[in-house]
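Q: data_19.cif is reproduced in full below (mmCIF, C-alpha atoms).
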data_structure
#
loop_
_atom_site.group_PDB
_atom_site.id
_atom_site.type_symbol
_atom_site.label_atom_id
_atom_site.label_comp_id
_atom_site.auth_asym_id
_atom_site.auth_seq_id
_atom_site.Cartn_x
_atom_site.Cartn_y
_atom_site.Cartn_z
ATOM 1 C CA MET W 1 111.318 64.300 134.492
ATOM 2 C CA ASP W 2 113.426 64.277 131.375
ATOM 3 C CA ILE W 3 113.471 65.224 127.734
ATOM 4 C CA LYS W 4 116.076 64.202 125.214
ATOM 5 C CA VAL W 5 116.482 66.148 121.990
ATOM 6 C CA ASN W 6 118.687 64.845 119.202
ATOM 7 C CA VAL W 7 118.926 66.748 115.916
ATOM 8 C CA ARG W 8 120.488 65.179 112.824
ATOM 9 C CA GLU W 9 120.634 65.743 109.074
ATOM 10 C CA SER W 10 118.790 63.117 107.085
ATOM 11 C CA GLY W 11 119.701 63.749 103.467
ATOM 12 C CA GLY W 12 118.559 66.468 101.125
ATOM 13 C CA ASP W 13 117.696 69.526 103.166
ATOM 14 C CA ALA W 14 115.648 67.562 105.668
ATOM 15 C CA TYR W 15 116.443 67.308 109.346
ATOM 16 C CA VAL W 16 115.237 64.854 111.948
ATOM 17 C CA VAL W 17 114.446 66.009 115.470
ATOM 18 C CA GLU W 18 114.366 62.914 117.624
ATOM 19 C CA LEU W 19 112.647 63.431 120.951
ATOM 20 C CA GLY W 20 112.560 61.142 123.955
ATOM 21 C CA GLY W 21 110.960 61.320 127.381
ATOM 22 C CA GLU W 22 108.183 63.643 128.504
ATOM 23 C CA ILE W 23 107.125 66.849 126.763
ATOM 24 C CA ASP W 24 105.196 69.068 129.150
ATOM 25 C CA VAL W 25 104.983 72.667 130.330
ATOM 26 C CA TYR W 26 108.428 72.358 131.942
ATOM 27 C CA THR W 27 110.346 70.552 129.185
ATOM 28 C CA SER W 28 108.665 71.919 126.045
ATOM 29 C CA PRO W 29 110.850 75.099 125.913
ATOM 30 C CA LYS W 30 113.856 72.850 125.195
ATOM 31 C CA VAL W 31 111.990 71.277 122.269
ATOM 32 C CA LYS W 32 110.921 74.701 121.056
ATOM 33 C CA ASP W 33 114.521 75.950 121.157
ATOM 34 C CA ALA W 34 115.742 73.016 119.040
ATOM 35 C CA ILE W 35 113.035 73.485 116.406
ATOM 36 C CA THR W 36 113.413 77.271 116.354
ATOM 37 C CA GLU W 37 117.181 76.973 115.899
ATOM 38 C CA LEU W 38 116.742 74.702 112.870
ATOM 39 C CA ILE W 39 114.194 77.029 111.289
ATOM 40 C CA ASP W 40 116.364 80.070 111.985
ATOM 41 C CA GLN W 41 119.197 78.280 110.152
ATOM 42 C CA GLY W 42 116.938 77.913 107.100
ATOM 43 C CA HIS W 43 115.885 74.281 107.467
ATOM 44 C CA TYR W 44 112.189 74.059 106.640
ATOM 45 C CA ASN W 45 111.637 70.351 106.080
ATOM 46 C CA LEU W 46 111.549 68.548 109.372
ATOM 47 C CA VAL W 47 110.721 65.099 110.638
ATOM 48 C CA ILE W 48 109.949 65.085 114.329
ATOM 49 C CA ASN W 49 110.321 61.605 115.698
ATOM 50 C CA LEU W 50 108.106 60.993 118.742
ATOM 51 C CA GLU W 51 108.717 57.240 118.979
ATOM 52 C CA LYS W 52 110.585 57.563 122.281
ATOM 53 C CA VAL W 53 108.190 60.125 123.756
ATOM 54 C CA ARG W 54 106.208 58.707 126.661
ATOM 55 C CA TYR W 55 104.018 61.737 127.300
ATOM 56 C CA ILE W 56 103.007 64.965 125.590
ATOM 57 C CA ASP W 57 100.616 67.679 126.742
ATOM 58 C CA SER W 58 99.062 70.750 125.138
ATOM 59 C CA THR W 59 102.207 72.839 125.563
ATOM 60 C CA GLY W 60 104.134 70.202 123.622
ATOM 61 C CA LEU W 61 101.444 70.175 120.947
ATOM 62 C CA GLY W 62 101.659 73.967 120.870
ATOM 63 C CA VAL W 63 105.397 73.796 120.154
ATOM 64 C CA LEU W 64 104.817 71.366 117.261
ATOM 65 C CA ILE W 65 102.029 73.547 115.866
ATOM 66 C CA GLY W 66 104.232 76.653 116.171
ATOM 67 C CA GLY W 67 107.028 74.899 114.282
ATOM 68 C CA LEU W 68 104.653 73.764 111.560
ATOM 69 C CA LYS W 69 103.276 77.285 111.100
ATOM 70 C CA ARG W 70 106.773 78.731 110.752
ATOM 71 C CA VAL W 71 108.052 76.186 108.207
ATOM 72 C CA ARG W 72 104.880 76.513 106.135
ATOM 73 C CA GLU W 73 105.576 80.231 105.781
ATOM 74 C CA HIS W 74 108.705 79.143 103.897
ATOM 75 C CA GLY W 75 107.042 76.385 101.881
ATOM 76 C CA GLY W 76 108.314 73.630 104.154
ATOM 77 C CA SER W 77 106.583 70.971 106.166
ATOM 78 C CA VAL W 78 106.760 68.957 109.377
ATOM 79 C CA ASN W 79 106.030 65.252 109.445
ATOM 80 C CA LEU W 80 105.736 63.310 112.668
ATOM 81 C CA VAL W 81 106.704 59.763 113.517
ATOM 82 C CA CYS W 82 104.381 58.434 116.178
ATOM 83 C CA THR W 83 103.726 54.843 117.156
ATOM 84 C CA ASN W 84 102.587 55.289 120.774
ATOM 85 C CA PRO W 85 98.786 54.756 120.770
ATOM 86 C CA GLN W 86 98.220 57.103 123.719
ATOM 87 C CA ILE W 87 100.044 59.943 121.989
ATOM 88 C CA ARG W 88 98.367 59.170 118.708
ATOM 89 C CA LYS W 89 95.040 59.389 120.548
ATOM 90 C CA ILE W 90 95.837 62.955 121.635
ATOM 91 C CA PHE W 91 96.461 63.951 118.019
ATOM 92 C CA ASP W 92 93.172 62.286 117.071
ATOM 93 C CA ILE W 93 91.146 63.983 119.835
ATOM 94 C CA THR W 94 92.502 67.420 119.045
ATOM 95 C CA GLY W 95 92.052 67.020 115.309
ATOM 96 C CA LEU W 96 95.769 67.584 114.729
ATOM 97 C CA VAL W 97 95.914 64.439 112.579
ATOM 98 C CA LYS W 98 94.435 66.664 109.911
ATOM 99 C CA ILE W 99 97.230 69.219 109.926
ATOM 100 C CA PHE W 100 100.280 67.007 110.547
ATOM 101 C CA GLY W 101 101.490 64.136 108.433
ATOM 102 C CA ILE W 102 101.802 61.317 110.984
ATOM 103 C CA TYR W 103 103.740 58.185 110.058
ATOM 104 C CA ASP W 104 104.751 54.901 111.631
ATOM 105 C CA ASP W 105 108.422 55.117 110.757
ATOM 106 C CA GLU W 106 111.064 57.693 109.978
ATOM 107 C CA THR W 107 111.790 56.583 106.410
ATOM 108 C CA GLU W 108 108.148 56.904 105.475
ATOM 109 C CA ALA W 109 107.951 60.352 107.112
ATOM 110 C CA GLN W 110 111.063 61.548 105.253
ATOM 111 C CA LYS W 111 109.784 60.299 101.891
ATOM 112 C CA ALA W 112 106.518 62.163 102.422
ATOM 113 C CA LEU W 113 108.194 65.546 102.953
ATOM 114 C CA VAL W 114 107.311 68.042 100.263
ATOM 115 C CA MET Z 1 73.956 31.406 138.739
ATOM 116 C CA LYS Z 2 74.688 33.959 141.403
ATOM 117 C CA GLU Z 3 76.649 36.916 140.161
ATOM 118 C CA ILE Z 4 79.610 37.834 142.285
ATOM 119 C CA VAL Z 5 80.192 41.566 142.418
ATOM 120 C CA THR Z 6 83.448 42.863 143.795
ATOM 121 C CA GLU Z 7 83.358 46.505 144.838
ATOM 122 C CA ALA Z 8 86.455 48.591 145.200
ATOM 123 C CA LYS Z 9 86.632 50.235 148.602
ATOM 124 C CA SER Z 10 86.567 53.992 148.750
ATOM 125 C CA LEU Z 11 90.054 55.182 149.576
ATOM 126 C CA GLY Z 12 88.973 58.569 150.904
ATOM 127 C CA THR Z 13 90.603 61.844 150.050
ATOM 128 C CA VAL Z 14 94.186 62.686 149.174
ATOM 129 C CA GLU Z 15 95.314 66.308 149.213
ATOM 130 C CA LEU Z 16 98.418 67.692 147.568
ATOM 131 C CA ARG Z 17 99.730 71.244 147.481
ATOM 132 C CA ILE Z 18 102.366 72.141 144.910
ATOM 133 C CA PRO Z 19 104.082 75.408 144.051
ATOM 134 C CA SER Z 20 102.395 77.086 141.093
ATOM 135 C CA LYS Z 21 105.399 76.452 138.851
ATOM 136 C CA ALA Z 22 105.935 74.375 135.714
ATOM 137 C CA GLU Z 23 108.561 72.132 137.281
ATOM 138 C CA TRP Z 24 106.048 70.811 139.838
ATOM 139 C CA VAL Z 25 103.364 69.718 137.401
ATOM 140 C CA ALA Z 26 105.044 66.328 136.949
ATOM 141 C CA VAL Z 27 104.641 65.705 140.684
ATOM 142 C CA ALA Z 28 100.883 66.254 140.404
ATOM 143 C CA ARG Z 29 100.775 63.958 137.396
ATOM 144 C CA LEU Z 30 102.618 61.132 139.108
ATOM 145 C CA THR Z 31 100.601 61.500 142.321
ATOM 146 C CA VAL Z 32 97.289 61.291 140.477
ATOM 147 C CA ALA Z 33 98.559 58.261 138.540
ATOM 148 C CA ALA Z 34 99.464 56.540 141.806
ATOM 149 C CA ILE Z 35 96.017 57.267 143.261
ATOM 150 C CA ALA Z 36 94.211 56.164 140.092
ATOM 151 C CA ASN Z 37 96.239 52.968 140.158
ATOM 152 C CA ARG Z 38 94.467 52.025 143.406
ATOM 153 C CA LEU Z 39 91.130 52.047 141.569
ATOM 154 C CA PRO Z 40 90.158 49.641 138.807
ATOM 155 C CA PHE Z 41 91.026 52.059 136.014
ATOM 156 C CA THR Z 42 92.627 50.793 132.828
ATOM 157 C CA VAL Z 43 96.135 51.869 131.841
ATOM 158 C CA GLU Z 44 94.554 54.086 129.200
ATOM 159 C CA ASP Z 45 92.272 55.715 131.788
ATOM 160 C CA ILE Z 46 95.280 56.436 133.986
ATOM 161 C CA GLU Z 47 97.087 58.060 131.057
ATOM 162 C CA ASP Z 48 93.969 60.195 130.473
ATOM 163 C CA LEU Z 49 93.950 61.235 134.132
ATOM 164 C CA LYS Z 50 97.649 62.108 134.033
ATOM 165 C CA LEU Z 51 97.081 64.348 131.044
ATOM 166 C CA ALA Z 52 93.956 65.938 132.542
ATOM 167 C CA ILE Z 53 95.624 66.857 135.847
ATOM 168 C CA ALA Z 54 98.680 68.219 134.034
ATOM 169 C CA GLU Z 55 96.466 70.329 131.783
ATOM 170 C CA ALA Z 56 94.518 71.616 134.783
ATOM 171 C CA CYS Z 57 97.703 72.621 136.610
ATOM 172 C CA THR Z 58 99.143 74.213 133.466
ATOM 173 C CA TYR Z 59 95.890 76.108 132.981
ATOM 174 C CA VAL Z 60 96.004 77.403 136.539
ATOM 175 C CA ILE Z 61 99.659 78.425 136.192
ATOM 176 C CA HIS Z 62 98.891 80.390 133.013
ATOM 177 C CA ALA Z 63 95.433 81.734 133.848
ATOM 178 C CA SER Z 64 95.849 82.633 137.478
ATOM 179 C CA SER Z 65 97.103 85.974 138.646
ATOM 180 C CA GLY Z 66 99.845 85.445 141.125
ATOM 181 C CA ALA Z 67 98.847 82.386 143.145
ATOM 182 C CA ASP Z 68 101.845 80.788 144.836
ATOM 183 C CA THR Z 69 100.376 77.321 145.211
ATOM 184 C CA ILE Z 70 97.914 74.922 143.624
ATOM 185 C CA ASP Z 71 95.813 72.628 145.794
ATOM 186 C CA ILE Z 72 94.878 69.280 144.311
ATOM 187 C CA ILE Z 73 92.199 67.306 146.146
ATOM 188 C CA CYS Z 74 91.513 63.768 144.954
ATOM 189 C CA ASP Z 75 88.259 62.194 146.172
ATOM 190 C CA THR Z 76 88.150 58.494 145.435
ATOM 191 C CA GLY Z 77 84.720 56.921 145.135
ATOM 192 C CA PRO Z 78 84.096 53.204 144.693
ATOM 193 C CA ALA Z 79 84.306 53.543 140.921
ATOM 194 C CA ASP Z 80 85.294 57.117 140.190
ATOM 195 C CA LEU Z 81 87.938 59.680 140.886
ATOM 196 C CA THR Z 82 87.071 63.348 141.326
ATOM 197 C CA ILE Z 83 89.930 65.808 141.237
ATOM 198 C CA ARG Z 84 89.539 69.371 142.419
ATOM 199 C CA VAL Z 85 92.255 71.782 141.360
ATOM 200 C CA ARG Z 86 92.218 75.031 143.305
ATOM 201 C CA ASP Z 87 94.383 78.073 143.252
ATOM 202 C CA ARG Z 88 94.385 81.069 145.502
ATOM 203 C CA GLY Z 89 94.611 83.747 142.838
ATOM 204 C CA ALA Z 90 92.062 84.982 140.352
ATOM 205 C CA ILE Z 91 91.511 82.681 137.386
ATOM 206 C CA HIS Z 92 90.719 84.336 134.086
ATOM 207 C CA PRO Z 93 88.838 81.748 132.051
ATOM 208 C CA GLU Z 94 89.302 83.447 128.702
ATOM 209 C CA ALA Z 95 90.694 80.141 127.378
ATOM 210 C CA ALA Z 96 87.235 79.007 126.365
ATOM 211 C CA PRO Z 97 86.803 75.259 125.913
ATOM 212 C CA ARG Z 98 86.400 74.574 122.251
ATOM 213 C CA ARG Z 99 87.808 72.257 119.671
ATOM 214 C CA PRO Z 100 90.996 73.795 118.357
ATOM 215 C CA ALA Z 101 90.737 74.638 114.677
ATOM 216 C CA GLY Z 102 93.329 75.359 112.037
ATOM 217 C CA GLY Z 103 96.220 74.645 114.364
ATOM 218 C CA SER Z 104 95.117 77.090 117.058
ATOM 219 C CA VAL Z 105 96.552 76.259 120.451
ATOM 220 C CA GLU Z 106 94.169 78.480 122.411
ATOM 221 C CA GLY Z 107 92.023 76.441 124.728
ATOM 222 C CA LEU Z 108 93.748 73.217 123.781
ATOM 223 C CA GLY Z 109 94.393 72.206 127.390
ATOM 224 C CA ILE Z 110 90.813 72.765 128.536
ATOM 225 C CA PHE Z 111 89.540 71.056 125.417
ATOM 226 C CA LEU Z 112 91.653 67.989 126.238
ATOM 227 C CA ILE Z 113 90.382 67.919 129.835
ATOM 228 C CA GLN Z 114 86.802 67.945 128.588
ATOM 229 C CA ALA Z 115 87.522 65.226 126.051
ATOM 230 C CA LEU Z 116 89.278 62.916 128.492
ATOM 231 C CA MET Z 117 87.173 63.323 131.638
ATOM 232 C CA ASP Z 118 83.512 62.433 132.171
ATOM 233 C CA GLU Z 119 82.541 65.621 134.025
ATOM 234 C CA VAL Z 120 84.245 68.993 134.189
ATOM 235 C CA LYS Z 121 83.108 72.018 136.159
ATOM 236 C CA HIS Z 122 84.805 75.336 136.540
ATOM 237 C CA THR Z 123 83.947 77.660 139.374
ATOM 238 C CA PRO Z 124 85.812 80.947 139.237
ATOM 239 C CA GLU Z 125 85.596 82.826 142.515
ATOM 240 C CA GLY Z 126 86.731 86.310 141.641
ATOM 241 C CA ASP Z 127 89.953 87.378 143.268
ATOM 242 C CA SER Z 128 89.855 84.722 145.950
ATOM 243 C CA GLY Z 129 90.748 81.880 143.622
ATOM 244 C CA GLY Z 130 88.965 79.393 141.461
ATOM 245 C CA GLU Z 131 88.344 75.693 141.253
ATOM 246 C CA LEU Z 132 88.319 73.202 138.408
ATOM 247 C CA ILE Z 133 86.460 70.002 139.286
ATOM 248 C CA MET Z 134 86.767 66.962 137.062
ATOM 249 C CA THR Z 135 85.566 63.402 137.416
ATOM 250 C CA LYS Z 136 86.487 60.201 135.678
ATOM 251 C CA ARG Z 137 84.443 57.042 136.139
ATOM 252 C CA VAL Z 138 85.725 53.510 135.915
ATOM 253 C CA GLY Z 139 84.579 51.810 132.735
ATOM 254 C CA SER Z 140 83.255 54.976 131.102
#
What would you get if you wrote out this structure as C-alpha cells?

A:
Amino acid sequence: MDIKVNVRESGGDAYVVELGGEIDVYTSPKVKDAITELIDQGHYNLVINLEKVRYIDSTGLGVLIGGLKRVREHGGSVNLVCTNPQIRKIFDITGLVKIFGIYDDETEAQKALV
Amino acid sequence: MKEIVTEAKSLGTVELRIPSKAEWVAVARLTVAAIANRLPFTVEDIEDLKLAIAEACTYVIHASSGADTIDIICDTGPADLTIRVRDRGAIHPEAAPRRPAGGSVEGLGIFLIQALMDEVKHTPEGDSGGELIMTKRVGS
C-alpha cells in the first residue's frame, strides 16, 4: 500500500498537490498533512491532481472536502484533475461533482482557479 | 437453436480475520478482489466490491467500541458474492446512511456501500458485536 504526495508551485499563488497510489483510511492522513501545511502557509488556491491515484475511499474524500472548506473560508478554491473513470464515478455517486471543479488536465484546472 | 448456459461453480466460503486497524484494511480489500475475480464480475464490479469492503471495515474501526479484530466472511454463490463484516465490540450506527449534502462527510462510507452493492443489511447486536451484510450480484 502506498501513497505519493508531491507539492509544487504552479505560477501565481496556486499550488499543485500531485497524488499517486491509494488514498484510504491508512494513507489519507499523509494527504491531509500536505494540504493542511499548504493552507497554514497561506496558499488557498490548490489543484489536486488525482491522475495517478488508483483508489480513493470516503476518508480520502473527507480530506479533500476538509481542504476545500478551509480554502473557501479564505476565498480560495480547490480544483481536481481526475481522469480515472472509477474515481470519477465515486465523485458522481456522492454528488461531489457539484462542489468540486473536476478537470481532465492540470492546465485546465489551473486556469479555472478563482 | 439450443442456448448454452455456463454456470459458475459456487466456490464456498472464505473467512478472513484482520486486526481492527487502518493498516489492515488494504488486506481485506485485496482479498475480496481476489475472491471476486473468481466469479464472472466485471472489472468495474470488482472495484465496487473493493471500495465497499474497505468502507465496511473503516466503518467498523470508527464505529465499534474496542473490538480487536474484524471478521470478514465471503459467501460465493453461483452469480453473487455476499460479504459479512463482523466485529466483536458494540457498533454505534449513528452514521446514518444518507446522501451526503453540502460537502458533509458524515455517513459517506455507508452511503457508498449502499450505492455500490445490491443489498445491504446491518444487524447491531448490542455489546456483543454487530454485523454488516452486503451482497453484489453478477450483471446487476

Q: Spell out the residues picked by the PyMOL selection byres ((chain Z and resi 19-29) around 10) here, as a VMD selection string.

A: (chain W and resid 1 22 24 to 27) or (chain Z and resid 16 to 18 30 to 34 46 to 47 49 to 58 60 to 62 64 66 to 72 87 to 88)

Q: If you apply the PyMOL selection byres ((chain W and resi 39) around 12) to this file, what residues do you get, as a ChimeraX atom specification?

A: /W:13-15,17,32-38,40-46,66-78

Q: Taking only C-alpha atoms into account and nothing else, which residues of chain W lie no more than 7 Å away from chain Z? Please answer as a compact mmCIF listing (two decimals) with C-alpha atoms, keeping the file's coordinate frame.

A:
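That gives us out_36.txt:
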# COMPACT_ATOMS: atom_id res chain seq x y z
CA VAL W 25 104.98 72.67 130.33
CA TYR W 26 108.43 72.36 131.94
CA ASP W 57 100.62 67.68 126.74
CA SER W 58 99.06 70.75 125.14
CA GLY W 62 101.66 73.97 120.87
CA ILE W 65 102.03 73.55 115.87
CA THR W 94 92.50 67.42 119.04

Q: With the PyMOL selection byres ((chain W and resi 82-87) around 8) as the selection, what would be picked from this file? Answer as JSON, numbers by chain, please.

A: {"W": [49, 50, 51, 53, 54, 55, 56, 80, 81, 88, 89, 90, 91, 102, 103, 104, 105], "Z": [44, 47]}

Q: Distance atom CA of Z:Thr42-atom CA of Z:Cys74, one decimal place?

A: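 Between atom CA of Z:Thr42 and atom CA of Z:Cys74 the gap works out to 17.8 Å.
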
Q: If I take atom CA of Z:Asp118 and atom CA of Z:Leu132, how far is one from the other in Å, to one decimal?

A: 13.3 Å
